[in-house]
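Take a look at the structure set out below.
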Amino acid sequence: MENKELKINNIENKYGIEYTKVGDYYMPNLVLEKEKIILNKYGRMRLKFLKENKKAEYTIMFVNGTLNKHLKEIQQTAQERIDIIIEQLKQQNNLTEEMKNTDQLYWVSMMNNFKNTAEEIVLNELIYA
């Protein structure tokens, strides 16, 4: 049996993971991305859903460093989709800005209704999918 001297840093593997010798063991040098993002309501909801219901997907994205990118994309898409749906509902129901001045209570109630409808659609399509 050959007597090989152990290296302090070892990169000789098929996966390209660098290892550092700690005592008698080689420990992988794993570094997670430190990208800081500010999560809005939809990003936090998606994160909670992944942690509680899709643990494997969450772990894979976390280890691969794609979790922040995924959450940022989801929250951006969700906000854009909600804005589009609200505008479409306003057009379908002939709700104009002039109505805000003439019948304020009706306008506010319709806008709240449209926002809730749009959020429900987005939650089912993006967040909880």
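Each chain of the structure tokens is named A, B, ... in the order shown, its residues numbered from 1; ligands are numbered from 1 in display order.
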Spatial neighbours of Ile84 in chain A, 12 Å, only C-alpha atoms, chain gap at least 2 places, as a list of chain:residue names =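 Residues near the query, excluding close chain neighbours: A:Thr77, A:Ala78, A:Gln79, A:Glu80, A:Arg81, A:Ile82, A:Ile86, A:Glu87, A:Gln88, A:Leu89, A:Lys90, A:Gln91, A:Phe114, A:Lys115, A:Thr117, A:Ala118, A:Glu119, A:Ile121, A:Val122.
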Take the residues just selected and output them with all heavy atoms as a compact mmCIF listing (two decimals), in the first residue's frame.
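That gives us out-v3.txt:
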```
# COMPACT_ATOMS: atom_id res chain seq x y z
N THR A 77 -43.18 38.96 -10.40
CA THR A 77 -44.22 38.46 -11.28
C THR A 77 -45.59 38.61 -10.64
O THR A 77 -46.55 39.00 -11.30
CB THR A 77 -43.96 36.97 -11.61
OG1 THR A 77 -42.65 36.84 -12.14
CG2 THR A 77 -44.96 36.45 -12.60
N ALA A 78 -45.69 38.32 -9.35
CA ALA A 78 -46.97 38.42 -8.64
C ALA A 78 -47.48 39.86 -8.66
O ALA A 78 -48.66 40.10 -8.94
CB ALA A 78 -46.82 37.92 -7.22
N GLN A 79 -46.60 40.81 -8.37
CA GLN A 79 -47.03 42.21 -8.34
C GLN A 79 -47.46 42.69 -9.73
O GLN A 79 -48.48 43.36 -9.86
CB GLN A 79 -45.91 43.10 -7.78
CG GLN A 79 -46.37 44.49 -7.47
CD GLN A 79 -47.48 44.53 -6.44
OE1 GLN A 79 -47.35 43.97 -5.36
NE2 GLN A 79 -48.57 45.18 -6.76
N GLU A 80 -46.69 42.33 -10.74
CA GLU A 80 -47.06 42.72 -12.11
C GLU A 80 -48.39 42.09 -12.52
O GLU A 80 -49.23 42.75 -13.13
CB GLU A 80 -45.96 42.29 -13.09
CG GLU A 80 -44.69 43.08 -12.95
CD GLU A 80 -43.53 42.49 -13.75
OE1 GLU A 80 -43.73 41.48 -14.45
OE2 GLU A 80 -42.42 43.05 -13.66
N ARG A 81 -48.57 40.83 -12.18
CA ARG A 81 -49.81 40.12 -12.53
C ARG A 81 -51.02 40.74 -11.83
O ARG A 81 -52.07 40.89 -12.43
CB ARG A 81 -49.65 38.65 -12.16
CG ARG A 81 -50.78 37.78 -12.57
CD ARG A 81 -50.57 37.24 -13.98
NE ARG A 81 -51.57 36.23 -14.26
CZ ARG A 81 -52.69 36.48 -14.93
NH1 ARG A 81 -52.91 37.68 -15.42
NH2 ARG A 81 -53.56 35.53 -15.14
N ILE A 82 -50.86 41.11 -10.57
CA ILE A 82 -51.97 41.75 -9.84
C ILE A 82 -52.34 43.08 -10.48
O ILE A 82 -53.52 43.38 -10.67
CB ILE A 82 -51.61 41.93 -8.35
CG1 ILE A 82 -51.70 40.58 -7.65
CG2 ILE A 82 -52.49 42.95 -7.68
CD1 ILE A 82 -51.28 40.58 -6.22
N ILE A 86 -56.05 43.84 -12.11
CA ILE A 86 -56.86 44.96 -11.61
C ILE A 86 -57.26 45.88 -12.77
O ILE A 86 -58.42 46.29 -12.88
CB ILE A 86 -56.13 45.73 -10.50
CG1 ILE A 86 -56.09 44.88 -9.23
CG2 ILE A 86 -56.80 47.07 -10.22
CD1 ILE A 86 -55.27 45.48 -8.10
N GLU A 87 -56.31 46.18 -13.64
CA GLU A 87 -56.62 47.04 -14.80
C GLU A 87 -57.66 46.39 -15.71
O GLU A 87 -58.56 47.05 -16.21
CB GLU A 87 -55.35 47.37 -15.59
CG GLU A 87 -54.45 48.38 -14.92
CD GLU A 87 -55.16 49.69 -14.63
OE1 GLU A 87 -55.88 50.21 -15.51
OE2 GLU A 87 -55.00 50.19 -13.51
N GLN A 88 -57.54 45.08 -15.93
CA GLN A 88 -58.50 44.37 -16.76
C GLN A 88 -59.89 44.40 -16.13
O GLN A 88 -60.89 44.62 -16.82
CB GLN A 88 -58.07 42.92 -16.99
CG GLN A 88 -56.88 42.78 -17.89
CD GLN A 88 -56.38 41.34 -17.97
OE1 GLN A 88 -56.74 40.50 -17.16
NE2 GLN A 88 -55.50 41.08 -18.93
N LEU A 89 -59.97 44.20 -14.83
CA LEU A 89 -61.26 44.22 -14.14
C LEU A 89 -61.87 45.62 -14.16
O LEU A 89 -63.09 45.78 -14.30
CB LEU A 89 -61.11 43.72 -12.70
CG LEU A 89 -60.84 42.23 -12.55
CD1 LEU A 89 -60.48 41.89 -11.10
CD2 LEU A 89 -62.04 41.41 -13.00
N LYS A 90 -61.03 46.64 -14.04
CA LYS A 90 -61.54 48.02 -14.12
C LYS A 90 -62.15 48.29 -15.50
O LYS A 90 -63.21 48.90 -15.60
CB LYS A 90 -60.41 49.02 -13.84
CG LYS A 90 -60.11 49.18 -12.37
CD LYS A 90 -58.86 49.99 -12.10
CE LYS A 90 -58.87 51.37 -12.67
NZ LYS A 90 -57.66 52.15 -12.28
N GLN A 91 -61.48 47.82 -16.54
CA GLN A 91 -61.99 48.02 -17.89
C GLN A 91 -63.27 47.23 -18.13
O GLN A 91 -64.21 47.74 -18.77
CB GLN A 91 -60.93 47.65 -18.93
CG GLN A 91 -59.78 48.61 -18.98
CD GLN A 91 -58.68 48.15 -19.93
OE1 GLN A 91 -58.78 47.10 -20.52
NE2 GLN A 91 -57.63 48.96 -20.05
N PHE A 114 -61.71 44.22 -6.61
CA PHE A 114 -60.79 43.85 -7.69
C PHE A 114 -59.45 43.39 -7.13
O PHE A 114 -58.86 42.42 -7.61
CB PHE A 114 -60.56 45.03 -8.64
CG PHE A 114 -61.80 45.47 -9.38
CD1 PHE A 114 -61.86 46.74 -9.92
CD2 PHE A 114 -62.90 44.65 -9.52
CE1 PHE A 114 -62.98 47.16 -10.61
CE2 PHE A 114 -64.03 45.07 -10.20
CZ PHE A 114 -64.07 46.33 -10.74
N LYS A 115 -58.96 44.09 -6.11
CA LYS A 115 -57.68 43.74 -5.52
C LYS A 115 -57.74 42.35 -4.87
O LYS A 115 -56.84 41.53 -5.05
CB LYS A 115 -57.26 44.77 -4.48
CG LYS A 115 -55.87 44.52 -3.90
CD LYS A 115 -55.43 45.66 -3.00
CE LYS A 115 -54.01 45.47 -2.57
NZ LYS A 115 -53.87 44.86 -1.28
N THR A 117 -59.81 39.92 -5.63
CA THR A 117 -59.94 38.94 -6.71
C THR A 117 -58.59 38.67 -7.36
O THR A 117 -58.22 37.52 -7.58
CB THR A 117 -60.94 39.44 -7.77
OG1 THR A 117 -62.19 39.70 -7.14
CG2 THR A 117 -61.12 38.43 -8.89
N ALA A 118 -57.85 39.73 -7.64
CA ALA A 118 -56.54 39.59 -8.28
C ALA A 118 -55.57 38.84 -7.37
O ALA A 118 -54.83 37.97 -7.84
CB ALA A 118 -55.98 40.97 -8.63
N GLU A 119 -55.58 39.16 -6.09
CA GLU A 119 -54.70 38.46 -5.15
C GLU A 119 -55.04 36.97 -5.06
O GLU A 119 -54.14 36.14 -4.99
CB GLU A 119 -54.77 39.09 -3.75
CG GLU A 119 -53.91 40.31 -3.63
CD GLU A 119 -53.78 40.78 -2.18
OE1 GLU A 119 -54.52 40.30 -1.31
OE2 GLU A 119 -52.94 41.65 -1.96
N ILE A 121 -56.33 35.10 -7.37
CA ILE A 121 -55.86 34.46 -8.60
C ILE A 121 -54.35 34.24 -8.54
O ILE A 121 -53.85 33.16 -8.84
CB ILE A 121 -56.24 35.32 -9.84
CG1 ILE A 121 -57.75 35.29 -10.04
CG2 ILE A 121 -55.52 34.84 -11.09
CD1 ILE A 121 -58.27 36.29 -11.05
N VAL A 122 -53.62 35.27 -8.13
CA VAL A 122 -52.15 35.17 -8.07
C VAL A 122 -51.70 34.16 -7.02
O VAL A 122 -50.76 33.39 -7.26
CB VAL A 122 -51.53 36.57 -7.81
CG1 VAL A 122 -50.08 36.47 -7.43
CG2 VAL A 122 -51.70 37.44 -9.04
```
DSSP strand (DSSP E) residues within range 24-73 of chain A, as a VMD selection string | chain A and resid 25 to 28
For the residues in the current selection, export all heavy atoms as a PDB file, in the first residue's frame.
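Produced file selection.pdb, reproduced below:
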```
ATOM      1  N   TYR A  25     -10.007  14.666   8.881  1.00  0.00           N
ATOM      2  CA  TYR A  25     -11.111  14.652   7.925  1.00  0.00           C
ATOM      3  C   TYR A  25     -10.967  15.762   6.902  1.00  0.00           C
ATOM      4  O   TYR A  25     -10.396  16.812   7.167  1.00  0.00           O
ATOM      5  CB  TYR A  25     -12.449  14.824   8.657  1.00  0.00           C
ATOM      6  CG  TYR A  25     -12.718  13.761   9.677  1.00  0.00           C
ATOM      7  CD1 TYR A  25     -12.519  14.015  11.028  1.00  0.00           C
ATOM      8  CD2 TYR A  25     -13.151  12.504   9.297  1.00  0.00           C
ATOM      9  CE1 TYR A  25     -12.754  13.041  11.975  1.00  0.00           C
ATOM     10  CE2 TYR A  25     -13.390  11.524  10.235  1.00  0.00           C
ATOM     11  CZ  TYR A  25     -13.193  11.791  11.571  1.00  0.00           C
ATOM     12  OH  TYR A  25     -13.424  10.819  12.497  1.00  0.00           O
ATOM     13  N   TYR A  26     -11.552  15.536   5.737  1.00  0.00           N
ATOM     14  CA  TYR A  26     -11.667  16.569   4.717  1.00  0.00           C
ATOM     15  C   TYR A  26     -13.082  17.128   4.774  1.00  0.00           C
ATOM     16  O   TYR A  26     -14.054  16.389   4.626  1.00  0.00           O
ATOM     17  CB  TYR A  26     -11.391  16.005   3.318  1.00  0.00           C
ATOM     18  CG  TYR A  26      -9.923  15.879   3.006  1.00  0.00           C
ATOM     19  CD1 TYR A  26      -9.297  14.639   3.028  1.00  0.00           C
ATOM     20  CD2 TYR A  26      -9.180  16.996   2.691  1.00  0.00           C
ATOM     21  CE1 TYR A  26      -7.953  14.520   2.740  1.00  0.00           C
ATOM     22  CE2 TYR A  26      -7.830  16.893   2.393  1.00  0.00           C
ATOM     23  CZ  TYR A  26      -7.224  15.660   2.421  1.00  0.00           C
ATOM     24  OH  TYR A  26      -5.893  15.557   2.138  1.00  0.00           O
ATOM     25  N   MET A  27     -13.202  18.424   4.981  1.00  0.00           N
ATOM     26  CA  MET A  27     -14.497  19.082   5.051  1.00  0.00           C
ATOM     27  C   MET A  27     -14.698  19.902   3.774  1.00  0.00           C
ATOM     28  O   MET A  27     -13.789  20.608   3.340  1.00  0.00           O
ATOM     29  CB  MET A  27     -14.567  20.017   6.262  1.00  0.00           C
ATOM     30  CG  MET A  27     -14.303  19.319   7.590  1.00  0.00           C
ATOM     31  SD  MET A  27     -15.506  18.063   7.977  1.00  0.00           S
ATOM     32  CE  MET A  27     -16.883  19.046   8.403  1.00  0.00           C
ATOM     33  N   PRO A  28     -15.901  19.850   3.161  1.00  0.00           N
ATOM     34  CA  PRO A  28     -16.135  20.633   1.946  1.00  0.00           C
ATOM     35  C   PRO A  28     -16.204  22.127   2.252  1.00  0.00           C
ATOM     36  O   PRO A  28     -16.727  22.529   3.292  1.00  0.00           O
ATOM     37  CB  PRO A  28     -17.479  20.118   1.440  1.00  0.00           C
ATOM     38  CG  PRO A  28     -18.144  19.547   2.625  1.00  0.00           C
ATOM     39  CD  PRO A  28     -17.061  19.053   3.539  1.00  0.00           C
TER      40      PRO A  28
END
```
Hey, can you check how far CA of Arg46 in chain A sits from CA of His70 in chain A?
-> 9.5 Å
Leaving out Thr96 in chain A and any residue of its chain fewer than 3 positions from it, which residues lie within 12 Å of it when counting only C-alpha atoms, given as an MDAnalysis selection string?
-> chainID A and resid 87:93 99:104 106:108 110:111
Keeping only N, CA, C and O atoms, write the selected residues as a PDB file, in the first residue's frame.
```pdb
ATOM      1  N   GLU A  87     -56.310  46.184 -13.644  1.00  0.00           N
ATOM      2  CA  GLU A  87     -56.622  47.040 -14.795  1.00  0.00           C
ATOM      3  C   GLU A  87     -57.660  46.388 -15.708  1.00  0.00           C
ATOM      4  O   GLU A  87     -58.564  47.049 -16.205  1.00  0.00           O
ATOM      5  N   GLN A  88     -57.535  45.082 -15.932  1.00  0.00           N
ATOM      6  CA  GLN A  88     -58.502  44.373 -16.764  1.00  0.00           C
ATOM      7  C   GLN A  88     -59.892  44.398 -16.127  1.00  0.00           C
ATOM      8  O   GLN A  88     -60.894  44.625 -16.820  1.00  0.00           O
ATOM      9  N   LEU A  89     -59.966  44.196 -14.830  1.00  0.00           N
ATOM     10  CA  LEU A  89     -61.262  44.222 -14.145  1.00  0.00           C
ATOM     11  C   LEU A  89     -61.865  45.624 -14.162  1.00  0.00           C
ATOM     12  O   LEU A  89     -63.093  45.778 -14.296  1.00  0.00           O
ATOM     13  N   LYS A  90     -61.035  46.644 -14.040  1.00  0.00           N
ATOM     14  CA  LYS A  90     -61.543  48.017 -14.124  1.00  0.00           C
ATOM     15  C   LYS A  90     -62.147  48.290 -15.498  1.00  0.00           C
ATOM     16  O   LYS A  90     -63.208  48.898 -15.604  1.00  0.00           O
ATOM     17  N   GLN A  91     -61.481  47.816 -16.540  1.00  0.00           N
ATOM     18  CA  GLN A  91     -61.990  48.024 -17.890  1.00  0.00           C
ATOM     19  C   GLN A  91     -63.274  47.233 -18.135  1.00  0.00           C
ATOM     20  O   GLN A  91     -64.208  47.738 -18.766  1.00  0.00           O
ATOM     21  N   GLN A  92     -63.330  46.007 -17.647  1.00  0.00           N
ATOM     22  CA  GLN A  92     -64.520  45.173 -17.841  1.00  0.00           C
ATOM     23  C   GLN A  92     -65.746  45.763 -17.143  1.00  0.00           C
ATOM     24  O   GLN A  92     -66.865  45.638 -17.633  1.00  0.00           O
ATOM     25  N   ASN A  93     -65.535  46.391 -15.998  1.00  0.00           N
ATOM     26  CA  ASN A  93     -66.645  46.937 -15.221  1.00  0.00           C
ATOM     27  C   ASN A  93     -66.826  48.440 -15.407  1.00  0.00           C
ATOM     28  O   ASN A  93     -67.585  49.064 -14.661  1.00  0.00           O
ATOM     29  N   MET A  99     -65.162  58.370 -11.598  1.00  0.00           N
ATOM     30  CA  MET A  99     -66.097  57.830 -10.606  1.00  0.00           C
ATOM     31  C   MET A  99     -65.543  58.002  -9.191  1.00  0.00           C
ATOM     32  O   MET A  99     -66.307  58.032  -8.233  1.00  0.00           O
ATOM     33  N   LYS A 100     -64.243  58.125  -9.085  1.00  0.00           N
ATOM     34  CA  LYS A 100     -63.628  58.327  -7.772  1.00  0.00           C
ATOM     35  C   LYS A 100     -64.130  59.640  -7.162  1.00  0.00           C
ATOM     36  O   LYS A 100     -64.333  59.743  -5.956  1.00  0.00           O
ATOM     37  N   ASN A 101     -64.345  60.642  -8.014  1.00  0.00           N
ATOM     38  CA  ASN A 101     -64.800  61.944  -7.533  1.00  0.00           C
ATOM     39  C   ASN A 101     -66.311  61.991  -7.337  1.00  0.00           C
ATOM     40  O   ASN A 101     -66.801  62.686  -6.451  1.00  0.00           O
ATOM     41  N   THR A 102     -67.050  61.276  -8.171  1.00  0.00           N
ATOM     42  CA  THR A 102     -68.512  61.347  -8.099  1.00  0.00           C
ATOM     43  C   THR A 102     -69.104  60.382  -7.078  1.00  0.00           C
ATOM     44  O   THR A 102     -69.957  60.773  -6.284  1.00  0.00           O
ATOM     45  N   ASP A 103     -68.677  59.122  -7.110  1.00  0.00           N
ATOM     46  CA  ASP A 103     -69.222  58.117  -6.194  1.00  0.00           C
ATOM     47  C   ASP A 103     -68.055  57.400  -5.514  1.00  0.00           C
ATOM     48  O   ASP A 103     -67.706  56.282  -5.865  1.00  0.00           O
ATOM     49  N   GLN A 104     -67.486  58.056  -4.530  1.00  0.00           N
ATOM     50  CA  GLN A 104     -66.254  57.592  -3.908  1.00  0.00           C
ATOM     51  C   GLN A 104     -66.418  56.250  -3.199  1.00  0.00           C
ATOM     52  O   GLN A 104     -65.558  55.370  -3.317  1.00  0.00           O
ATOM     53  N   TYR A 106     -68.549  53.805  -3.777  1.00  0.00           N
ATOM     54  CA  TYR A 106     -68.681  52.731  -4.767  1.00  0.00           C
ATOM     55  C   TYR A 106     -67.320  52.403  -5.393  1.00  0.00           C
ATOM     56  O   TYR A 106     -66.957  51.244  -5.539  1.00  0.00           O
ATOM     57  N   TRP A 107     -66.566  53.450  -5.730  1.00  0.00           N
ATOM     58  CA  TRP A 107     -65.261  53.252  -6.367  1.00  0.00           C
ATOM     59  C   TRP A 107     -64.307  52.488  -5.442  1.00  0.00           C
ATOM     60  O   TRP A 107     -63.640  51.547  -5.860  1.00  0.00           O
ATOM     61  N   VAL A 108     -64.259  52.860  -4.174  1.00  0.00           N
ATOM     62  CA  VAL A 108     -63.378  52.196  -3.210  1.00  0.00           C
ATOM     63  C   VAL A 108     -63.793  50.742  -3.020  1.00  0.00           C
ATOM     64  O   VAL A 108     -62.948  49.841  -2.991  1.00  0.00           O
ATOM     65  N   MET A 110     -65.374  48.780  -5.103  1.00  0.00           N
ATOM     66  CA  MET A 110     -65.056  48.022  -6.323  1.00  0.00           C
ATOM     67  C   MET A 110     -63.558  47.761  -6.432  1.00  0.00           C
ATOM     68  O   MET A 110     -63.130  46.660  -6.796  1.00  0.00           O
ATOM     69  N   MET A 111     -62.735  48.759  -6.095  1.00  0.00           N
ATOM     70  CA  MET A 111     -61.287  48.575  -6.149  1.00  0.00           C
ATOM     71  C   MET A 111     -60.819  47.530  -5.134  1.00  0.00           C
ATOM     72  O   MET A 111     -59.950  46.707  -5.434  1.00  0.00           O
TER      73      MET A 111
END
```
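Distances here use only C-alpha atoms; by that measure, the residue among A:Tyr128, A:Asn94, A:Lys72, A:Asn64 closest to Lys51 in chain A is A:Tyr128.
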Taking the DSSP assignment computed from this structure's backbone, write out as an MDAnalysis selection string all residues of chain A that belong to alpha helix (DSSP H).
-> chainID A and resid 41:53 55:64 67:92 97:102 104:122
Counting only C-alpha atoms, what is within 12 Å of Lys69 in chain A, bar same-chain residues fewer than 3 positions away, as a ChimeraX atom specification?
-> /A:33-39,43,47,61-62,64-66,72-76
